[in-house]
Each structure stands twice: as C-alpha cells, then as structure tokens.
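Note: the block below is start30.csv and it holds CSV, C-alpha atoms and all ligand atoms.
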```csv
chain,number,residue,atom,x,y,z
A,297,MET,CA,15.9,14.9,3.6
A,298,LYS,CA,13.2,15.6,1.0
A,299,LEU,CA,10.2,13.6,0.1
A,300,LEU,CA,9.7,13.7,-3.7
A,301,GLY,CA,6.5,11.6,-4.0
A,302,ASP,CA,3.7,10.5,-1.7
A,303,TYR,CA,2.1,7.5,-3.3
A,304,HIS,CA,-0.5,6.6,-0.8
A,305,THR,CA,-3.3,9.1,-0.5
A,306,HIS,CA,-7.1,8.7,-0.4
A,307,THR,CA,-9.9,10.9,-1.7
A,308,VAL,CA,-13.7,10.9,-1.8
A,309,TYR,CA,-13.5,8.0,-4.3
A,310,SER,CA,-13.1,5.8,-1.3
A,311,HIS,CA,-13.4,7.2,2.2
A,312,GLY,CA,-11.0,10.2,2.1
A,313,THR,CA,-12.4,13.7,2.7
A,314,GLY,CA,-10.7,15.6,-0.1
A,315,ARG,CA,-10.9,15.5,-3.9
A,316,VAL,CA,-7.9,14.7,-6.1
A,317,MET,CA,-7.3,18.5,-6.6
A,318,ASP,CA,-7.2,19.1,-2.9
A,319,ASN,CA,-4.5,16.4,-2.4
A,320,ALA,CA,-2.5,17.7,-5.4
A,321,LEU,CA,-2.7,21.3,-4.1
A,322,VAL,CA,-1.2,20.3,-0.7
A,323,ALA,CA,1.4,18.2,-2.5
A,324,LYS,CA,2.4,21.3,-4.4
A,325,GLU,CA,2.5,23.5,-1.2
A,326,LYS,CA,4.7,20.9,0.4
A,327,GLY,CA,7.1,20.7,-2.5
A,328,LEU,CA,6.4,17.2,-3.8
A,329,GLU,CA,7.1,16.4,-7.4
A,330,GLU,CA,4.5,13.7,-7.6
A,331,ILE,CA,1.6,12.3,-5.8
A,332,GLY,CA,-0.3,9.0,-6.0
A,333,ILE,CA,-4.1,8.9,-5.7
A,334,SER,CA,-4.6,5.3,-4.3
A,335,ASP,CA,-8.1,4.7,-3.2
A,336,HIS,CA,-9.3,1.4,-1.8
A,337,GLY,CA,-9.8,-1.5,-4.1
A,338,PHE,CA,-13.1,-2.6,-5.6
A,339,SER,CA,-13.9,-5.4,-3.3
A,340,HIS,CA,-14.2,-3.3,-0.2
A,341,PRO,CA,-18.0,-3.3,0.3
A,342,LEU,CA,-18.2,0.0,2.2
A,343,TYR,CA,-15.7,2.2,0.5
A,344,GLY,CA,-14.0,0.5,-2.4
A,345,ILE,CA,-13.7,2.7,-5.5
A,346,LYS,CA,-16.3,1.8,-8.1
A,347,LYS,CA,-15.1,0.6,-11.5
A,348,SER,CA,-17.6,3.0,-13.1
A,349,CYS,CA,-15.7,5.9,-11.5
A,350,LEU,CA,-12.3,5.1,-13.1
A,351,ASP,CA,-12.7,7.4,-16.1
A,352,PHE,CA,-13.7,10.3,-13.9
A,353,LEU,CA,-10.8,9.6,-11.6
A,354,ARG,CA,-8.3,9.6,-14.5
A,355,LEU,CA,-9.8,12.8,-15.7
A,356,GLU,CA,-9.5,14.5,-12.3
A,357,CYS,CA,-5.9,13.3,-12.0
A,358,LYS,CA,-5.1,14.8,-15.4
A,359,GLU,CA,-6.7,18.1,-14.5
A,360,ALA,CA,-5.0,18.3,-11.1
A,361,GLN,CA,-1.7,17.7,-12.8
A,362,GLU,CA,-2.2,20.4,-15.3
A,363,LYS,CA,-3.3,22.9,-12.7
A,364,THR,CA,-0.7,22.2,-10.1
A,365,GLY,CA,2.3,21.1,-12.1
A,366,VAL,CA,2.6,18.2,-9.7
A,367,ARG,CA,2.6,14.8,-11.4
A,368,VAL,CA,-0.6,13.0,-10.4
A,369,LEU,CA,-0.4,9.3,-10.7
A,370,VAL,CA,-3.5,7.2,-10.9
A,371,GLY,CA,-3.1,4.4,-8.3
A,372,ILE,CA,-5.1,2.0,-6.2
A,373,GLU,CA,-4.7,0.3,-2.8
A,374,SER,CA,-5.8,-3.1,-3.9
A,375,ASN,CA,-7.1,-5.8,-1.5
A,376,PHE,CA,-6.0,-9.5,-1.4
A,377,VAL,CA,-9.2,-11.5,-2.0
A,378,ASN,CA,-8.2,-15.2,-1.9
A,379,LYS,CA,-5.7,-17.6,-0.4
A,380,SER,CA,-3.3,-17.0,-3.3
A,381,GLY,CA,-3.4,-13.3,-2.6
A,382,ARG,CA,-5.1,-12.5,-5.8
A,383,CYS,CA,-5.7,-8.7,-5.9
A,384,ASP,CA,-8.9,-7.1,-6.8
A,385,LEU,CA,-7.0,-5.1,-9.4
A,386,SER,CA,-7.3,-7.6,-12.3
A,387,GLU,CA,-5.0,-7.6,-15.3
A,388,ASP,CA,-7.7,-6.3,-17.7
A,389,LEU,CA,-7.7,-3.0,-15.7
A,390,TYR,CA,-3.9,-2.5,-15.5
A,391,ASP,CA,-4.0,0.0,-18.3
A,392,LYS,CA,-6.2,2.3,-16.2
A,393,PHE,CA,-3.5,2.7,-13.5
A,394,ASP,CA,0.0,4.1,-13.2
A,395,ILE,CA,0.9,2.6,-9.8
A,396,PHE,CA,-0.3,-0.6,-8.0
A,397,LEU,CA,-0.3,-0.6,-4.2
A,398,ALA,CA,-1.8,-3.5,-2.3
A,399,GLY,CA,-2.5,-4.2,1.4
A,400,ALA,CA,-4.3,-6.8,3.5
A,401,HIS,CA,-7.6,-5.4,4.9
A,402,VAL,CA,-10.3,-6.9,7.1
A,403,PHE,CA,-14.0,-6.7,6.0
A,404,VAL,CA,-13.4,-7.3,2.3
A,405,GLY,CA,-15.4,-9.5,-0.1
A,406,TYR,CA,-13.1,-12.5,0.1
A,407,LYS,CA,-13.5,-15.2,-2.6
A,408,ASP,CA,-13.1,-18.3,-0.4
A,409,MET,CA,-13.9,-19.4,3.1
A,410,SER,CA,-10.3,-20.0,4.2
A,411,THR,CA,-9.4,-16.4,3.4
A,412,TRP,CA,-12.6,-15.2,5.1
A,413,TRP,CA,-11.7,-17.1,8.2
A,414,ASN,CA,-7.9,-16.5,8.4
A,415,VAL,CA,-7.7,-12.9,7.2
A,416,GLY,CA,-11.2,-11.6,8.3
A,417,VAL,CA,-11.5,-13.4,11.6
A,418,ALA,CA,-8.7,-15.4,13.0
A,419,SER,CA,-5.8,-13.0,12.4
A,420,PRO,CA,-7.3,-9.8,13.8
A,421,LEU,CA,-9.1,-11.6,16.7
A,422,VAL,CA,-6.9,-14.5,17.6
A,423,THR,CA,-3.3,-14.1,16.5
A,424,ALA,CA,-2.5,-11.4,19.0
A,425,PHE,CA,-3.3,-13.8,21.8
A,426,GLY,CA,-1.0,-16.6,20.5
A,427,GLY,CA,-2.1,-20.2,20.4
A,428,LYS,CA,-2.3,-22.7,17.5
A,429,ARG,CA,-5.2,-21.1,15.6
A,430,GLY,CA,-3.5,-17.8,15.6
A,431,GLU,CA,-0.3,-19.3,14.4
A,432,ARG,CA,-2.1,-21.2,11.6
A,433,ALA,CA,-3.6,-17.9,10.5
A,434,ARG,CA,-0.2,-16.2,10.6
A,435,SER,CA,1.3,-18.9,8.3
A,436,PHE,CA,-1.8,-18.8,6.0
A,437,ILE,CA,-1.3,-15.0,5.6
A,438,THR,CA,2.5,-15.2,5.1
A,439,ASN,CA,1.8,-17.7,2.3
A,440,MET,CA,-0.9,-15.4,0.9
A,441,TYR,CA,1.5,-12.5,0.8
A,442,ILE,CA,4.3,-14.5,-0.8
A,443,THR,CA,2.1,-15.9,-3.6
A,444,ALA,CA,0.6,-12.4,-4.2
A,445,ILE,CA,3.9,-10.6,-4.5
A,446,SER,CA,5.5,-13.3,-6.6
A,447,SER,CA,2.6,-13.5,-9.1
A,448,GLN,CA,1.5,-9.8,-9.5
A,449,PRO,CA,3.5,-6.7,-10.2
A,450,ILE,CA,2.7,-4.9,-6.9
A,451,ASP,CA,4.7,-1.7,-6.4
A,452,VAL,CA,4.1,-1.2,-2.7
A,453,LEU,CA,2.9,-3.4,0.1
A,454,THR,CA,1.0,-1.1,2.4
A,455,HIS,CA,0.9,-1.2,6.2
A,456,LEU,CA,2.5,-4.6,6.6
A,457,ASP,CA,1.1,-6.4,9.8
A,458,TYR,CA,-1.7,-4.0,10.4
A,459,ARG,CA,-4.4,-6.2,12.0
A,460,VAL,CA,-3.5,-8.9,9.5
A,461,PHE,CA,-0.4,-10.7,11.0
A,462,SER,CA,2.3,-12.5,9.1
A,463,ASN,CA,6.0,-13.4,9.4
A,464,VAL,CA,7.2,-10.0,8.4
A,465,LYS,CA,10.7,-11.1,7.7
A,466,GLU,CA,9.7,-13.7,5.2
A,467,VAL,CA,7.3,-11.3,3.5
A,468,ALA,CA,9.9,-8.6,3.3
A,469,ASP,CA,12.4,-11.0,1.9
A,470,CYS,CA,9.9,-11.9,-0.9
A,471,CYS,CA,9.4,-8.2,-1.5
A,472,ARG,CA,13.1,-7.7,-1.9
A,473,GLN,CA,13.3,-10.6,-4.4
A,474,PHE,CA,10.6,-9.2,-6.6
A,475,GLY,CA,11.2,-5.5,-6.3
A,476,THR,CA,8.1,-4.6,-4.3
A,477,TYR,CA,8.6,-1.8,-1.8
A,478,VAL,CA,7.6,-2.2,1.9
A,479,GLU,CA,5.8,0.9,2.9
A,480,ILE,CA,6.7,2.9,6.0
A,481,ASN,CA,3.2,4.1,6.7
A,482,THR,CA,3.0,7.2,8.8
A,483,LYS,CA,-0.6,6.8,9.8
A,484,LYS,CA,-0.4,3.2,11.0
A,485,THR,CA,2.7,3.0,13.2
A,486,HIS,CA,1.9,-0.4,14.7
A,487,MET,CA,5.1,-2.4,14.0
A,488,THR,CA,7.6,-2.7,16.8
A,489,ASP,CA,11.2,-1.5,16.3
A,490,GLU,CA,12.3,-5.2,16.5
A,491,GLN,CA,10.0,-6.1,13.6
A,492,TRP,CA,11.4,-3.2,11.6
A,493,ARG,CA,14.9,-4.4,12.3
A,494,GLU,CA,13.9,-7.9,11.0
A,495,VAL,CA,12.4,-6.3,7.9
A,496,TYR,CA,15.4,-4.1,7.3
A,497,SER,CA,17.8,-7.0,7.7
A,498,THR,CA,16.4,-8.6,4.5
A,499,GLY,CA,17.8,-5.8,2.4
A,500,VAL,CA,14.4,-4.8,1.1
A,501,ASN,CA,13.8,-1.2,0.0
A,502,PHE,CA,11.1,1.1,1.3
A,503,VAL,CA,8.8,4.0,0.4
A,504,ILE,CA,7.2,6.3,2.9
A,505,GLY,CA,3.4,6.7,2.5
A,506,SER,CA,1.2,9.1,4.4
A,507,ASP,CA,-2.0,7.1,3.9
A,508,ALA,CA,-3.6,10.5,4.1
A,509,HIS,CA,-7.4,10.3,4.3
A,510,SER,CA,-7.6,14.1,4.5
A,511,PRO,CA,-5.6,16.6,2.3
A,512,ASN,CA,-3.7,18.1,5.3
A,513,ARG,CA,-1.9,14.9,5.9
A,514,VAL,CA,-0.4,14.6,2.5
A,515,ALA,CA,3.4,14.3,2.7
A,516,ASP,CA,3.4,13.7,6.5
A,517,ILE,CA,6.7,12.1,7.0
A,518,ALA,CA,7.7,13.0,10.6
A,519,PRO,CA,6.9,9.5,12.1
A,520,ALA,CA,8.9,7.8,9.4
A,521,LEU,CA,11.9,10.0,10.0
A,522,GLU,CA,11.7,9.2,13.7
A,523,LEU,CA,11.5,5.5,13.0
A,524,MET,CA,14.4,5.6,10.6
A,525,GLU,CA,16.5,7.3,13.2
A,526,ARG,CA,15.5,4.9,16.0
A,527,VAL,CA,16.0,1.7,14.1
A,528,GLY,CA,18.9,2.9,11.9
A,529,ILE,CA,17.2,2.7,8.5
A,530,SER,CA,19.5,4.3,6.0
A,531,PRO,CA,17.8,7.0,3.8
A,532,ASP,CA,19.5,5.2,0.8
A,533,ARG,CA,17.0,2.4,1.2
A,534,VAL,CA,14.0,4.7,1.2
A,535,HIS,CA,13.5,5.4,-2.4
A,536,ASN,CA,11.1,8.4,-2.3
A,537,LEU,CA,13.5,10.4,-0.2
A,538,ASN,CA,15.8,12.5,-2.3
A,539,GLY,CA,14.9,10.5,-5.4
A,540,LYS,CA,12.2,8.6,-7.3
A,541,PRO,CA,11.4,4.9,-6.8
A,542,SER,CA,11.7,2.4,-9.6
A,543,PHE,CA,8.2,0.8,-9.8
A,544,ARG,CA,7.8,-2.7,-11.1
A,545,PHE,CA,4.2,-2.2,-12.3
A,546,ALA,CA,5.3,0.2,-15.0
A,547,LYS,CA,8.2,-2.1,-16.0
A,548,TYR,CA,5.7,-5.0,-16.2
A,549,LYS,CA,3.5,-3.0,-18.5
A,550,GLY,CA,6.4,-1.8,-20.6
A,551,THR,CA,5.7,1.8,-19.8
A,552,SER,CA,7.9,4.4,-18.1
A,553,LEU,CA,6.9,6.6,-15.2
B,1,ZN,ZN,-5.0,0.3,3.8
B,2,ZN,ZN,-4.7,3.5,2.6
```
Since I need it in another form, could you write the structure as structure tokens?
Ligand SMILES: [Zn+2]
Ligand SMILES: [Zn+2]
Amino acid sequence: MKLLGDYHTHTVYSHGTGRVMDNALVAKEKGLEEIGISDHGFSHPLYGIKKSCLDFLRLECKEAQEKTGVRVLVGIESNFVNKSGRCDLSEDLYDKFDIFLAGAHVFVGYKDMSTWWNVGVASPLVTAFGGKRGERARSFITNMYITAISSQPIDVLTHLDYRVFSNVKEVADCCRQFGTYVEINTKKTHMTDEQWREVYSTGVNFVIGSDAHSPNRVADIAPALELMERVGISPDRVHNLNGKPSFRFAKYKGTSL
C-alpha cells in the first residue's frame, strides 16, 4: 500500500521544527506525490500561524514545489472557536488555502464562555471520569462538531476525540454525509479499537495524517496500517492510500486540486 499524500504536517510557522522545504524534501524522499503544510489556526495564542505570514507561507510552498517536484498544498489545521464550531479560518481567507483541516484543541482563544468551559476545561478534565458534567460537555462538543462540519467545507477532521471528547459515531456519521474525511492520525493514537469500529460502521472515509512536527515524521503511516489490520478497515476507505482524496473545500471554491 502506498501513501500518495500526507496532508497534515507542521512547520516553524506554528510549532514544527522544520521549514516547508524540509518537509517537502522528506516527502520526495519517501515517494509522496503531494504534501499539505497545515499549521495551527490563528486563534491559538502560543503557536497559531500569523495572518501576516500567509504570503510568505504561500511563496515557500511554491518554491518547495518547484524544487522538489512534489505538489505542496497550502493548508491549515483550523480551530473551533465557538459553540457552533465556527473555525478560525474565515471565508474571506479561503482563497489563500488549498486544503482545510480542522481539529478541536484546548488552550485556544474561544469566542464564548460555554465553549471555554466545555472544550477548554470540562472535556479534558472531567469527561474521562464520567458524571453528568462530563456528559454535558460530551454532548456540547458533539453538537459543536456537527454544526461545524455541516456549515463549513472542512476537508479533514483531525485527531477526533483527542482530549476533547464527543460521541464519535455521531460525528463520523456527519462527516460521511458532508464528505469530510476522518483522519487516522499516526501521532495521536488515543482512540480505542472499539471507537474505530463505531466510526468505521458509519461508512465514513478516511485519510491518514502523520501530524508531523518534525520533517523526519512526514509520511509515517506504520501505526495506521497496524490499526487498519487490527480493526479491519479496508484500504478502499482510506483515500490517500493508492489514490488521491476528493476534497470538499476545493469543490466548494469551484477550483480543482
Ligand atoms: Zn491538532
Ligand atoms: Zn496537527
């Protein structure tokens, strides 16, 4: 099985250690046809990419593509910032990007108190221990994901259920309906096999993402292959293996990738 594109890689524009060119060179070495540079969204106070850097980022992606021959896609790993799951990639900036990844993160500049409480505090600290407060947070986050995915052309939902807990089956079913991929993240392998079976049972499709924060991890797919084998995930449902994904963001914008 061959990985054709790794769409989730970080660089010094957020808190990765390599530059765009470093990631692209590893992608070339490992035989990828394309790579996504998807640094953290703007509302992360410590390491969100700055809007003022976008033109440099695009230039670096273009140069890396020309030098390596690997297609370098300008992406972002956007944050959900309010209870409706509004992303910090707003529509006026869609033109600056080729691919749109989004993931729930803690320690983000949320726009309302209920999101601050449920996503930033209750879910990471309380849900794991059960109880009503934790369950309320889980249902808040499930709704947040569903409104986010149904209202914005998100290509890939990154590291589902990592510190921010939801009903993964309901979220995956929403991803299936709208054509958003659920990521099999090879850095954050927190979900249980049982959860993966529930996600798989919805019929949703997947992409593998390395979430590389250093160039040497670009295209690391070993943990995903082990998971697929264990859980029985068919390679046909993993769209960056042996083929290219069909991304909804490009379709939404009326462009082709
Ligand atoms: Zn992330
Ligand atoms: Zn990431």
Env of stretch 450-463 of chain A: 7 Å cut, atoms = all atoms listed in the file, seq-sep filter 5 positions within chain, self excluded. Answer as a VMD selection string. chain A and resid 395 to 400 415 419 to 420 434 to 435 437 to 438 445 476 to 479 481 484 486 543 to 545
At a cut-off of 8 Å around ligand ZN 2 (chain B), and using only C-alpha atoms and all ligand atoms, what residues come up? Please write them as a PDB file with C-alpha atoms, keeping the file's coordinate frame.
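Result file result_28.pdb:
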```pdb
ATOM      1  CA  HIS A 304      -0.500   6.600  -0.800  1.00  0.00           C
ATOM      2  CA  THR A 305      -3.300   9.100  -0.500  1.00  0.00           C
ATOM      3  CA  HIS A 306      -7.100   8.700  -0.400  1.00  0.00           C
ATOM      4  CA  SER A 334      -4.600   5.300  -4.300  1.00  0.00           C
ATOM      5  CA  ASP A 335      -8.100   4.700  -3.200  1.00  0.00           C
ATOM      6  CA  HIS A 336      -9.300   1.400  -1.800  1.00  0.00           C
ATOM      7  CA  GLU A 373      -4.700   0.300  -2.800  1.00  0.00           C
ATOM      8  CA  THR A 454       1.000  -1.100   2.400  1.00  0.00           C
ATOM      9  CA  ASP A 507      -2.000   7.100   3.900  1.00  0.00           C
ATOM     10  CA  ALA A 508      -3.600  10.500   4.100  1.00  0.00           C
ATOM     11  CA  HIS A 509      -7.400  10.300   4.300  1.00  0.00           C
TER      12      HIS A 509
END
```
Write out as a ChimeraX atom specification the residues lying within 12 Å of A:Lys540, counting all atoms listed in the file and excluding same-chain residues fewer than 3 positions away. /A:298-303,328-331,502-504,532-537,543,553
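Summary of the local environment: counting all atoms listed in the file, residues at most 6 Å from stretch 468-473 of chain A, other than itself and those fewer than 3 positions away along its chain, are Val464, Lys465, Thr476, Val495, Thr498 and Val500 of chain A.
For the set A:Ile529, A:Ile372, A:Met524, A:Met317, the residue with the smallest atom-to-atom gap to ligand ZN 1 (chain B) is A:Ile372, counting all atoms listed in the file.
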For ligand ZN 1 (chain B), the nearest of the candidates A:Val402, A:Val417, A:Ile442, A:Met487, counting all atoms listed in the file: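 Of all the options, A:Val402 lies closest to ligand ZN 1 (chain B).
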When you count only C-alpha atoms and all ligand atoms, which of these residues is closest to ligand ZN 1 (chain B): A:Gly405, A:Leu369, A:Ser310, A:Met440?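 Counting only C-alpha atoms and all ligand atoms, the residue closest to ligand ZN 1 (chain B) is A:Ser310.
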Atom CA of A:Asn538 and atom CA of A:Leu523, how far apart in Å?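 Between these atoms lies a distance of 17.4 Å.
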What is the atom CA of A:Val368 to atom CA of A:Lys346 distance in Å? 19.4 Å
Would you please work out which residue, of A:Thr423, A:Thr307, A:Ser446, A:Ser380, is nearest to A:Cys357 when using all atoms listed in the file?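 Looking at the shortest contact to A:Cys357, the residue is A:Thr307.
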N, CA, C and O atoms of stretch 532-544 of chain A from block above, as a PDB file, in the first residue's frame:
```pdb
ATOM      1  N   ASP A 532      -9.696   0.559   0.746  1.00  0.00           N
ATOM      2  CA  ASP A 532     -10.558   1.320  -0.180  1.00  0.00           C
ATOM      3  C   ASP A 532     -11.192   2.539   0.486  1.00  0.00           C
ATOM      4  O   ASP A 532     -11.623   3.464  -0.183  1.00  0.00           O
ATOM      5  N   ARG A 533     -11.318   2.467   1.793  1.00  0.00           N
ATOM      6  CA  ARG A 533     -11.954   3.575   2.523  1.00  0.00           C
ATOM      7  C   ARG A 533     -10.929   4.615   2.993  1.00  0.00           C
ATOM      8  O   ARG A 533     -11.300   5.605   3.616  1.00  0.00           O
ATOM      9  N   VAL A 534      -9.658   4.378   2.692  1.00  0.00           N
ATOM     10  CA  VAL A 534      -8.600   5.314   3.109  1.00  0.00           C
ATOM     11  C   VAL A 534      -8.082   5.980   1.837  1.00  0.00           C
ATOM     12  O   VAL A 534      -7.294   5.414   1.088  1.00  0.00           O
ATOM     13  N   HIS A 535      -8.542   7.197   1.583  1.00  0.00           N
ATOM     14  CA  HIS A 535      -8.433   7.744   0.232  1.00  0.00           C
ATOM     15  C   HIS A 535      -7.072   8.313  -0.143  1.00  0.00           C
ATOM     16  O   HIS A 535      -6.883   8.700  -1.289  1.00  0.00           O
ATOM     17  N   ASN A 536      -6.128   8.395   0.803  1.00  0.00           N
ATOM     18  CA  ASN A 536      -4.779   8.782   0.354  1.00  0.00           C
ATOM     19  C   ASN A 536      -3.844   7.581   0.241  1.00  0.00           C
ATOM     20  O   ASN A 536      -2.644   7.745   0.045  1.00  0.00           O
ATOM     21  N   LEU A 537      -4.403   6.388   0.344  1.00  0.00           N
ATOM     22  CA  LEU A 537      -3.623   5.180   0.057  1.00  0.00           C
ATOM     23  C   LEU A 537      -3.944   4.756  -1.365  1.00  0.00           C
ATOM     24  O   LEU A 537      -5.131   4.569  -1.704  1.00  0.00           O
ATOM     25  N   ASN A 538      -2.948   4.629  -2.164  1.00  0.00           N
ATOM     26  CA  ASN A 538      -3.109   4.171  -3.560  1.00  0.00           C
ATOM     27  C   ASN A 538      -3.964   5.109  -4.414  1.00  0.00           C
ATOM     28  O   ASN A 538      -4.441   4.728  -5.468  1.00  0.00           O
ATOM     29  N   GLY A 539      -4.229   6.308  -3.945  1.00  0.00           N
ATOM     30  CA  GLY A 539      -5.041   7.226  -4.743  1.00  0.00           C
ATOM     31  C   GLY A 539      -5.079   8.600  -4.093  1.00  0.00           C
ATOM     32  O   GLY A 539      -4.457   8.818  -3.066  1.00  0.00           O
ATOM     33  N   LYS A 540      -5.847   9.508  -4.711  1.00  0.00           N
ATOM     34  CA  LYS A 540      -5.931  10.859  -4.166  1.00  0.00           C
ATOM     35  C   LYS A 540      -7.324  11.113  -3.617  1.00  0.00           C
ATOM     36  O   LYS A 540      -8.310  10.707  -4.243  1.00  0.00           O
ATOM     37  N   PRO A 541      -7.417  11.817  -2.501  1.00  0.00           N
ATOM     38  CA  PRO A 541      -8.734  12.119  -1.941  1.00  0.00           C
ATOM     39  C   PRO A 541      -9.497  13.118  -2.822  1.00  0.00           C
ATOM     40  O   PRO A 541      -8.904  13.816  -3.641  1.00  0.00           O
ATOM     41  N   SER A 542     -10.804  13.155  -2.611  1.00  0.00           N
ATOM     42  CA  SER A 542     -11.618  14.169  -3.280  1.00  0.00           C
ATOM     43  C   SER A 542     -12.006  15.170  -2.193  1.00  0.00           C
ATOM     44  O   SER A 542     -12.786  14.850  -1.296  1.00  0.00           O
ATOM     45  N   PHE A 543     -11.417  16.367  -2.260  1.00  0.00           N
ATOM     46  CA  PHE A 543     -11.576  17.306  -1.158  1.00  0.00           C
ATOM     47  C   PHE A 543     -12.746  18.262  -1.378  1.00  0.00           C
ATOM     48  O   PHE A 543     -12.866  18.881  -2.437  1.00  0.00           O
ATOM     49  N   ARG A 544     -13.568  18.426  -0.363  1.00  0.00           N
ATOM     50  CA  ARG A 544     -14.787  19.251  -0.499  1.00  0.00           C
ATOM     51  C   ARG A 544     -14.476  20.751  -0.521  1.00  0.00           C
ATOM     52  O   ARG A 544     -15.238  21.540  -1.076  1.00  0.00           O
TER      53      ARG A 544
END
```
